[in-house]
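To start, the structure itself, in structure tokens.
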Amino acid sequence: MKKRWLAGILALMMGITSIGCGVGVISPGESEHQGTTNTGRIVVGFSQLGAESDWRSANSQSMRSAFTKEKGYEFIFEDGQQKQANQITAIRTFIQQEVDYIVLAPVTETGWDNVLQEAKDAGIPVIIVDRMVDVEDESLFTCWVGSNFELEGQKVAEWLNQYAKSQNIQPEDLHIVNIQGTIGASAQIGRTKGLADAAKKYGWDLMAEVSGDFTQAKGREAMEALLKQFDNINVVYCENDNSALGAIQAIEATGKKVGPNIAEGEIMIISFDGVNEEAIQLALEHKITCIAECNPLHGPRVEAIIELLEKGQKPDKFSYVDEMIYSANESVKTLTIDDKEYEVTIITEDILTERQY
Ligand code: AHR
């Protein structure tokens, strides 16, 4: 802030309307971002959406480890507690603080146009991470990095298709419920679409879609209600590991068994993330049959973007992270989606110990 005031005063004293000072040119009516503060550090304001899952904790940790004082950063972390209004307030505060970069992990996709316009007007680059924003004008953010959530959904749906075929289970005999994530979040929208499209394509009985808000408690609540409503559920598609843990608790509390043997009355659990250690352990025990990885380690990725921007270079507008699909069941070895082949990684004890999160 001080730099900009000083530059403006100097410009007035010198009777000039623009200043070339090596880090940018300020002209009347436009705001120029200068890159560092008077501490000499790069100030990054991060609006994290909340702390709903193990994935989110790993993601926050990854960001904190990337933006350290030792590396020359001032890192301001704001927890939005699952509320978009809190995230909007955080962004406005970052603008007032004149941070160098705003990083936003948005709770849902819509409703960001105004506040991102304010950041743009202030000349502060905004990097979107994890979930996407749905804005009229894509110049309101610099770039996005995260997962291809629809592809994650397509992968597990294709896994289910091939597994059912390998077991001679007819499509109409798959009675599926979807415990969705936070409604309106990219991870929910993409994963829900992946399943719904496959159900339509293959003729599965997709009986219900209910939000479990990506949490264990809500996942359990949702599953309890679904078990009262339907007595023939044989596949539960949980849009993250925490809701899967809640669903398993609800199922086991009724005396039913979870597992891949649908024909023998087990209820198959399918999930996303592969971050929660208990979920991976349950996958090893075949209680969760298939998990699409969602990689939370975005800290170094966002750091690399900021390094590029600091050098005056342009990052890709959208960067998708490569992700795996895991199962302890060996019936399906590879999947093909849109002509691309994906290997199914068989979960072993080694995978549990080698994981980076
Ligand atoms: O947006 C990523 C999703 O959000 C993860 O799958 C989930 O666990 C988290 O809460």
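All residue names refer to the structure tokens as shown: chains lettered A, B, ... in order, residues numbered from 1 in each chain, ligands numbered from 1 in order.
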(Q) To check your reading of the model: which residues sit at most 9 Å from ligand 1 when counting only C-alpha atoms and all ligand atoms? Write the answer as a PyMOL selection string. (A) chain A and resi 50-57+105-107+130-132+146-147+149+181-182+185-188+213-215+239-243+272-276+293-296
Would you save the residues from that selection as a CSV table (one decimal), in the first residue's frame, using N, CA and C atoms?
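part-v2.csv, written as the output of this step:
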chain,number,residue,atom,x,y,z
A,50,GLY,N,-13.2,-24.5,4.2
A,50,GLY,CA,-13.6,-25.1,5.5
A,50,GLY,C,-12.7,-26.2,5.9
A,51,ALA,N,-13.2,-27.1,6.7
A,51,ALA,CA,-12.4,-28.2,7.3
A,51,ALA,C,-13.3,-29.4,7.4
A,52,GLU,N,-14.1,-29.6,6.3
A,52,GLU,CA,-15.1,-30.7,6.4
A,52,GLU,C,-14.6,-32.1,6.3
A,53,SER,N,-13.4,-32.3,5.7
A,53,SER,CA,-12.9,-33.7,5.4
A,53,SER,C,-11.4,-33.8,5.6
A,54,ASP,N,-11.0,-35.1,5.6
A,54,ASP,CA,-9.5,-35.3,5.7
A,54,ASP,C,-8.8,-34.7,4.5
A,55,TRP,N,-9.5,-34.8,3.3
A,55,TRP,CA,-9.0,-34.2,2.1
A,55,TRP,C,-8.7,-32.7,2.4
A,56,ARG,N,-9.6,-32.1,3.0
A,56,ARG,CA,-9.5,-30.6,3.2
A,56,ARG,C,-8.3,-30.3,4.1
A,57,SER,N,-8.2,-31.1,5.2
A,57,SER,CA,-7.1,-30.9,6.1
A,57,SER,C,-5.7,-31.1,5.4
A,105,ALA,N,-10.2,-21.3,-2.7
A,105,ALA,CA,-10.8,-22.6,-2.8
A,105,ALA,C,-12.3,-22.5,-2.6
A,106,PRO,N,-13.1,-22.3,-3.6
A,106,PRO,CA,-14.5,-21.9,-3.4
A,106,PRO,C,-15.4,-23.0,-3.0
A,107,VAL,N,-16.3,-22.7,-2.0
A,107,VAL,CA,-17.2,-23.8,-1.5
A,107,VAL,C,-18.2,-24.2,-2.6
A,130,ASP,N,-8.7,-26.2,-6.5
A,130,ASP,CA,-9.6,-27.3,-6.2
A,130,ASP,C,-10.9,-27.1,-6.9
A,131,ARG,N,-12.0,-26.7,-6.3
A,131,ARG,CA,-13.2,-26.5,-7.0
A,131,ARG,C,-13.2,-25.3,-8.0
A,132,MET,N,-14.1,-25.2,-8.9
A,132,MET,CA,-14.0,-24.1,-9.9
A,132,MET,C,-15.0,-23.0,-9.5
A,146,GLY,N,-6.8,-27.9,-10.3
A,146,GLY,CA,-7.6,-28.8,-9.5
A,146,GLY,C,-7.8,-30.2,-10.2
A,147,SER,N,-8.8,-30.9,-9.7
A,147,SER,CA,-9.1,-32.2,-10.3
A,147,SER,C,-10.2,-32.2,-11.3
A,149,PHE,N,-13.3,-33.6,-11.8
A,149,PHE,CA,-14.2,-34.3,-10.9
A,149,PHE,C,-15.2,-35.2,-11.8
A,181,GLY,N,-21.9,-34.8,-2.4
A,181,GLY,CA,-21.2,-33.8,-1.6
A,181,GLY,C,-22.0,-32.5,-1.4
A,182,THR,N,-21.3,-31.5,-1.1
A,182,THR,CA,-22.0,-30.2,-0.9
A,182,THR,C,-22.6,-29.7,-2.2
A,185,ALA,N,-21.1,-27.6,-5.4
A,185,ALA,CA,-19.6,-27.6,-5.4
A,185,ALA,C,-19.2,-28.4,-6.7
A,186,SER,N,-18.1,-28.0,-7.3
A,186,SER,CA,-17.6,-28.7,-8.5
A,186,SER,C,-17.5,-30.2,-8.3
A,187,ALA,N,-16.9,-30.6,-7.1
A,187,ALA,CA,-16.7,-32.0,-6.8
A,187,ALA,C,-18.0,-32.8,-6.8
A,188,GLN,N,-19.1,-32.1,-6.3
A,188,GLN,CA,-20.4,-32.8,-6.3
A,188,GLN,C,-21.0,-32.8,-7.8
A,213,ASP,N,-23.0,-33.7,2.3
A,213,ASP,CA,-22.1,-32.6,2.6
A,213,ASP,C,-20.7,-32.9,2.8
A,214,PHE,N,-20.2,-34.0,2.2
A,214,PHE,CA,-18.8,-34.4,2.3
A,214,PHE,C,-18.3,-34.6,3.8
A,215,THR,N,-19.3,-34.8,4.7
A,215,THR,CA,-18.9,-35.1,6.1
A,215,THR,C,-19.3,-36.5,6.6
A,239,GLU,N,-19.7,-39.6,-2.4
A,239,GLU,CA,-18.9,-38.6,-3.1
A,239,GLU,C,-17.6,-38.2,-2.4
A,240,ASN,N,-17.4,-38.7,-1.2
A,240,ASN,CA,-16.0,-38.7,-0.6
A,240,ASN,C,-15.9,-39.7,0.5
A,241,ASP,N,-14.6,-39.9,0.9
A,241,ASP,CA,-14.3,-40.9,1.9
A,241,ASP,C,-15.0,-40.7,3.2
A,242,ASN,N,-15.1,-39.4,3.7
A,242,ASN,CA,-15.7,-39.2,5.0
A,242,ASN,C,-17.2,-39.6,5.0
A,243,SER,N,-17.9,-39.3,3.9
A,243,SER,CA,-19.3,-39.7,3.9
A,243,SER,C,-19.4,-41.2,3.7
A,272,PHE,N,-14.5,-41.6,-3.1
A,272,PHE,CA,-13.6,-40.7,-3.7
A,272,PHE,C,-12.6,-40.1,-2.7
A,273,ASP,N,-11.5,-39.8,-3.1
A,273,ASP,CA,-10.4,-39.1,-2.3
A,273,ASP,C,-9.2,-40.1,-2.2
A,274,GLY,N,-9.3,-41.1,-1.3
A,274,GLY,CA,-8.1,-41.9,-1.0
A,274,GLY,C,-7.1,-41.2,-0.1
A,275,VAL,N,-7.6,-40.3,0.7
A,275,VAL,CA,-6.8,-39.5,1.6
A,275,VAL,C,-6.9,-40.1,3.1
A,276,ASN,N,-8.1,-40.3,3.5
A,276,ASN,CA,-8.4,-40.7,4.9
A,276,ASN,C,-7.8,-42.1,5.1
A,293,GLU,N,-9.1,-41.6,-6.8
A,293,GLU,CA,-8.2,-40.6,-6.1
A,293,GLU,C,-8.6,-39.2,-6.4
A,294,CYS,N,-8.6,-38.3,-5.3
A,294,CYS,CA,-8.7,-36.9,-5.5
A,294,CYS,C,-7.5,-36.3,-4.8
A,295,ASN,N,-6.6,-35.8,-5.5
A,295,ASN,CA,-5.3,-35.4,-4.9
A,295,ASN,C,-5.4,-34.0,-4.3
A,296,PRO,N,-5.1,-33.9,-3.0
A,296,PRO,CA,-5.2,-32.6,-2.3
A,296,PRO,C,-3.9,-31.7,-2.3
Spatial neighbours of Pro171 in chain A, 9 Å, only C-alpha atoms, chain gap at least 2 places, as a PDB file with all heavy atoms, in the first residue's frame:
ATOM      1  N   ASN A 161     -19.415 -50.694 -13.990  1.00  0.00           N
ATOM      2  CA  ASN A 161     -19.960 -51.349 -15.187  1.00  0.00           C
ATOM      3  C   ASN A 161     -19.194 -52.640 -15.474  1.00  0.00           C
ATOM      4  O   ASN A 161     -19.782 -53.711 -15.674  1.00  0.00           O
ATOM      5  CB  ASN A 161     -19.872 -50.372 -16.366  1.00  0.00           C
ATOM      6  CG  ASN A 161     -20.232 -51.018 -17.684  1.00  0.00           C
ATOM      7  OD1 ASN A 161     -21.219 -51.748 -17.771  1.00  0.00           O
ATOM      8  ND2 ASN A 161     -19.428 -50.789 -18.703  1.00  0.00           N
ATOM      9  N   ALA A 164     -19.707 -55.305 -12.693  1.00  0.00           N
ATOM     10  CA  ALA A 164     -21.024 -55.959 -12.790  1.00  0.00           C
ATOM     11  C   ALA A 164     -21.007 -57.004 -13.907  1.00  0.00           C
ATOM     12  O   ALA A 164     -21.492 -58.128 -13.736  1.00  0.00           O
ATOM     13  CB  ALA A 164     -22.110 -54.906 -13.022  1.00  0.00           C
ATOM     14  N   LYS A 165     -20.405 -56.635 -15.035  1.00  0.00           N
ATOM     15  CA  LYS A 165     -20.323 -57.587 -16.161  1.00  0.00           C
ATOM     16  C   LYS A 165     -19.530 -58.830 -15.753  1.00  0.00           C
ATOM     17  O   LYS A 165     -19.922 -59.951 -16.053  1.00  0.00           O
ATOM     18  CB  LYS A 165     -19.660 -56.926 -17.372  1.00  0.00           C
ATOM     19  CG  LYS A 165     -20.631 -56.041 -18.137  1.00  0.00           C
ATOM     20  CD  LYS A 165     -19.999 -55.567 -19.428  1.00  0.00           C
ATOM     21  CE  LYS A 165     -20.972 -54.692 -20.196  1.00  0.00           C
ATOM     22  NZ  LYS A 165     -20.270 -53.672 -20.973  1.00  0.00           N
ATOM     23  N   ILE A 169     -23.886 -59.610 -13.248  1.00  0.00           N
ATOM     24  CA  ILE A 169     -24.984 -58.864 -12.604  1.00  0.00           C
ATOM     25  C   ILE A 169     -25.647 -58.018 -13.695  1.00  0.00           C
ATOM     26  O   ILE A 169     -24.959 -57.285 -14.421  1.00  0.00           O
ATOM     27  CB  ILE A 169     -24.455 -57.957 -11.468  1.00  0.00           C
ATOM     28  CG1 ILE A 169     -23.773 -58.812 -10.382  1.00  0.00           C
ATOM     29  CG2 ILE A 169     -25.571 -57.114 -10.869  1.00  0.00           C
ATOM     30  CD1 ILE A 169     -22.950 -57.999  -9.386  1.00  0.00           C
ATOM     31  N   ASP A 173     -30.314 -54.756 -12.097  1.00  0.00           N
ATOM     32  CA  ASP A 173     -30.214 -55.290 -10.724  1.00  0.00           C
ATOM     33  C   ASP A 173     -29.246 -54.481  -9.852  1.00  0.00           C
ATOM     34  O   ASP A 173     -29.008 -54.832  -8.694  1.00  0.00           O
ATOM     35  CB  ASP A 173     -29.764 -56.755 -10.760  1.00  0.00           C
ATOM     36  CG  ASP A 173     -30.844 -57.637 -11.366  1.00  0.00           C
ATOM     37  OD1 ASP A 173     -32.024 -57.243 -11.299  1.00  0.00           O
ATOM     38  OD2 ASP A 173     -30.497 -58.698 -11.931  1.00  0.00           O
ATOM     39  N   LEU A 174     -28.665 -53.428 -10.434  1.00  0.00           N
ATOM     40  CA  LEU A 174     -27.826 -52.543  -9.615  1.00  0.00           C
ATOM     41  C   LEU A 174     -28.740 -51.451  -9.046  1.00  0.00           C
ATOM     42  O   LEU A 174     -29.244 -50.599  -9.790  1.00  0.00           O
ATOM     43  CB  LEU A 174     -26.711 -51.903 -10.453  1.00  0.00           C
ATOM     44  CG  LEU A 174     -25.555 -52.825 -10.863  1.00  0.00           C
ATOM     45  CD1 LEU A 174     -24.554 -52.066 -11.726  1.00  0.00           C
ATOM     46  CD2 LEU A 174     -24.843 -53.418  -9.642  1.00  0.00           C
ATOM     47  N   HIS A 175     -29.005 -51.513  -7.736  1.00  0.00           N
ATOM     48  CA  HIS A 175     -29.892 -50.547  -7.077  1.00  0.00           C
ATOM     49  C   HIS A 175     -29.010 -49.576  -6.292  1.00  0.00           C
ATOM     50  O   HIS A 175     -28.501 -49.910  -5.217  1.00  0.00           O
ATOM     51  CB  HIS A 175     -30.877 -51.284  -6.175  1.00  0.00           C
ATOM     52  CG  HIS A 175     -31.656 -52.330  -6.919  1.00  0.00           C
ATOM     53  ND1 HIS A 175     -32.573 -52.012  -7.901  1.00  0.00           N
ATOM     54  CD2 HIS A 175     -31.617 -53.693  -6.863  1.00  0.00           C
ATOM     55  CE1 HIS A 175     -33.081 -53.132  -8.405  1.00  0.00           C
ATOM     56  NE2 HIS A 175     -32.516 -54.163  -7.798  1.00  0.00           N
ATOM     57  N   ALA A 199     -25.588 -44.300 -15.339  1.00  0.00           N
ATOM     58  CA  ALA A 199     -26.846 -44.991 -14.984  1.00  0.00           C
ATOM     59  C   ALA A 199     -27.792 -44.964 -16.178  1.00  0.00           C
ATOM     60  O   ALA A 199     -28.440 -45.972 -16.508  1.00  0.00           O
ATOM     61  CB  ALA A 199     -27.475 -44.337 -13.764  1.00  0.00           C
ATOM     62  N   TYR A 202     -26.233 -47.258 -19.088  1.00  0.00           N
ATOM     63  CA  TYR A 202     -26.229 -48.713 -18.883  1.00  0.00           C
ATOM     64  C   TYR A 202     -27.570 -49.264 -18.382  1.00  0.00           C
ATOM     65  O   TYR A 202     -27.742 -50.472 -18.322  1.00  0.00           O
ATOM     66  CB  TYR A 202     -25.113 -49.104 -17.904  1.00  0.00           C
ATOM     67  CG  TYR A 202     -23.728 -48.791 -18.453  1.00  0.00           C
ATOM     68  CD1 TYR A 202     -22.859 -47.920 -17.786  1.00  0.00           C
ATOM     69  CD2 TYR A 202     -23.297 -49.359 -19.658  1.00  0.00           C
ATOM     70  CE1 TYR A 202     -21.601 -47.630 -18.296  1.00  0.00           C
ATOM     71  CE2 TYR A 202     -22.040 -49.069 -20.173  1.00  0.00           C
ATOM     72  CZ  TYR A 202     -21.196 -48.204 -19.492  1.00  0.00           C
ATOM     73  OH  TYR A 202     -19.953 -47.911 -20.005  1.00  0.00           O
ATOM     74  N   GLY A 203     -28.488 -48.365 -17.958  1.00  0.00           N
ATOM     75  CA  GLY A 203     -29.789 -48.843 -17.471  1.00  0.00           C
ATOM     76  C   GLY A 203     -29.763 -49.291 -16.014  1.00  0.00           C
ATOM     77  O   GLY A 203     -30.500 -50.180 -15.606  1.00  0.00           O
ATOM     78  N   TRP A 204     -28.901 -48.650 -15.193  1.00  0.00           N
ATOM     79  CA  TRP A 204     -28.867 -48.969 -13.756  1.00  0.00           C
ATOM     80  C   TRP A 204     -30.058 -48.324 -13.060  1.00  0.00           C
ATOM     81  O   TRP A 204     -30.594 -47.307 -13.511  1.00  0.00           O
ATOM     82  CB  TRP A 204     -27.586 -48.421 -13.104  1.00  0.00           C
ATOM     83  CG  TRP A 204     -26.301 -48.968 -13.659  1.00  0.00           C
ATOM     84  CD1 TRP A 204     -26.129 -50.143 -14.345  1.00  0.00           C
ATOM     85  CD2 TRP A 204     -25.002 -48.357 -13.585  1.00  0.00           C
ATOM     86  NE1 TRP A 204     -24.817 -50.300 -14.696  1.00  0.00           N
ATOM     87  CE2 TRP A 204     -24.094 -49.221 -14.229  1.00  0.00           C
ATOM     88  CE3 TRP A 204     -24.519 -47.180 -13.026  1.00  0.00           C
ATOM     89  CZ2 TRP A 204     -22.737 -48.934 -14.344  1.00  0.00           C
ATOM     90  CZ3 TRP A 204     -23.177 -46.891 -13.129  1.00  0.00           C
ATOM     91  CH2 TRP A 204     -22.283 -47.765 -13.788  1.00  0.00           C
ATOM     92  N   ASP A 205     -30.412 -48.888 -11.913  1.00  0.00           N
ATOM     93  CA  ASP A 205     -31.497 -48.337 -11.100  1.00  0.00           C
ATOM     94  C   ASP A 205     -30.906 -47.343 -10.085  1.00  0.00           C
ATOM     95  O   ASP A 205     -30.540 -47.728  -8.969  1.00  0.00           O
ATOM     96  CB  ASP A 205     -32.204 -49.506 -10.380  1.00  0.00           C
ATOM     97  CG  ASP A 205     -33.327 -49.032  -9.469  1.00  0.00           C
ATOM     98  OD1 ASP A 205     -33.847 -47.920  -9.704  1.00  0.00           O
ATOM     99  OD2 ASP A 205     -33.678 -49.781  -8.533  1.00  0.00           O
TER     100      ASP A 205
END
**Q.** Members of range 55-261 of chain A assigned alpha helix (DSSP H) by DSSP, as a VMD selection string
**A.** chain A and resid 55 to 66 84 to 97 113 to 121 149 to 166 186 to 202 216 to 229 241 to 253
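Close contacts of range 219-230 of chain A, defined as residues with an atom at most 6 Å away when counting only C-alpha atoms, with chain neighbours fewer than 3 positions off set aside, comprise Gly212, Thr215, Gln216, Ser243, Gly246, Ala247 and Ala250 of chain A.
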Just to be explicit: take each residue in the selection above, keep C-alpha atoms, and write the result as an mmCIF file, in the first residue's frame.
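The result, stored in result-v8.cif:
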data_model
loop_
_atom_site.group_PDB
_atom_site.id
_atom_site.type_symbol
_atom_site.label_atom_id
_atom_site.label_comp_id
_atom_site.auth_asym_id
_atom_site.auth_seq_id
_atom_site.Cartn_x
_atom_site.Cartn_y
_atom_site.Cartn_z
ATOM 1 C CA GLY A 212 -24.039 -35.869 2.738
ATOM 2 C CA THR A 215 -18.864 -35.104 6.108
ATOM 3 C CA GLN A 216 -18.990 -38.335 8.074
ATOM 4 C CA SER A 243 -19.317 -39.679 3.851
ATOM 5 C CA GLY A 246 -20.608 -42.475 7.812
ATOM 6 C CA ALA A 247 -22.563 -44.654 5.364
ATOM 7 C CA ALA A 250 -25.185 -46.643 9.271
#
(Q) I'd like to know which of A:Leu206, A:Cys143, A:Ile179, A:Ile346 is closest to Ile306 in chain A, using only C-alpha atoms. (A) A:Cys143
Q) Near range 90-104 of chain A, counting only C-alpha atoms, which residues have an atom at most 7 Å away, once you skip same-chain residues fewer than 6 positions from it, shown as a ChimeraX atom specification? A) /A:1,35-36,42-48,78,119,122,124-129
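Of the listed residues (A:Tyr342, A:Met268, A:Gly299, A:Thr108), A:Gly299 comes nearest to Ala58 in chain A; the distances count only C-alpha atoms.
Between Ala196 in chain A and the candidates A:Ala283, A:Ala208, A:Ile88, A:Ile305, the tightest atom-to-atom separation, counting only C-alpha atoms, involves A:Ala208.
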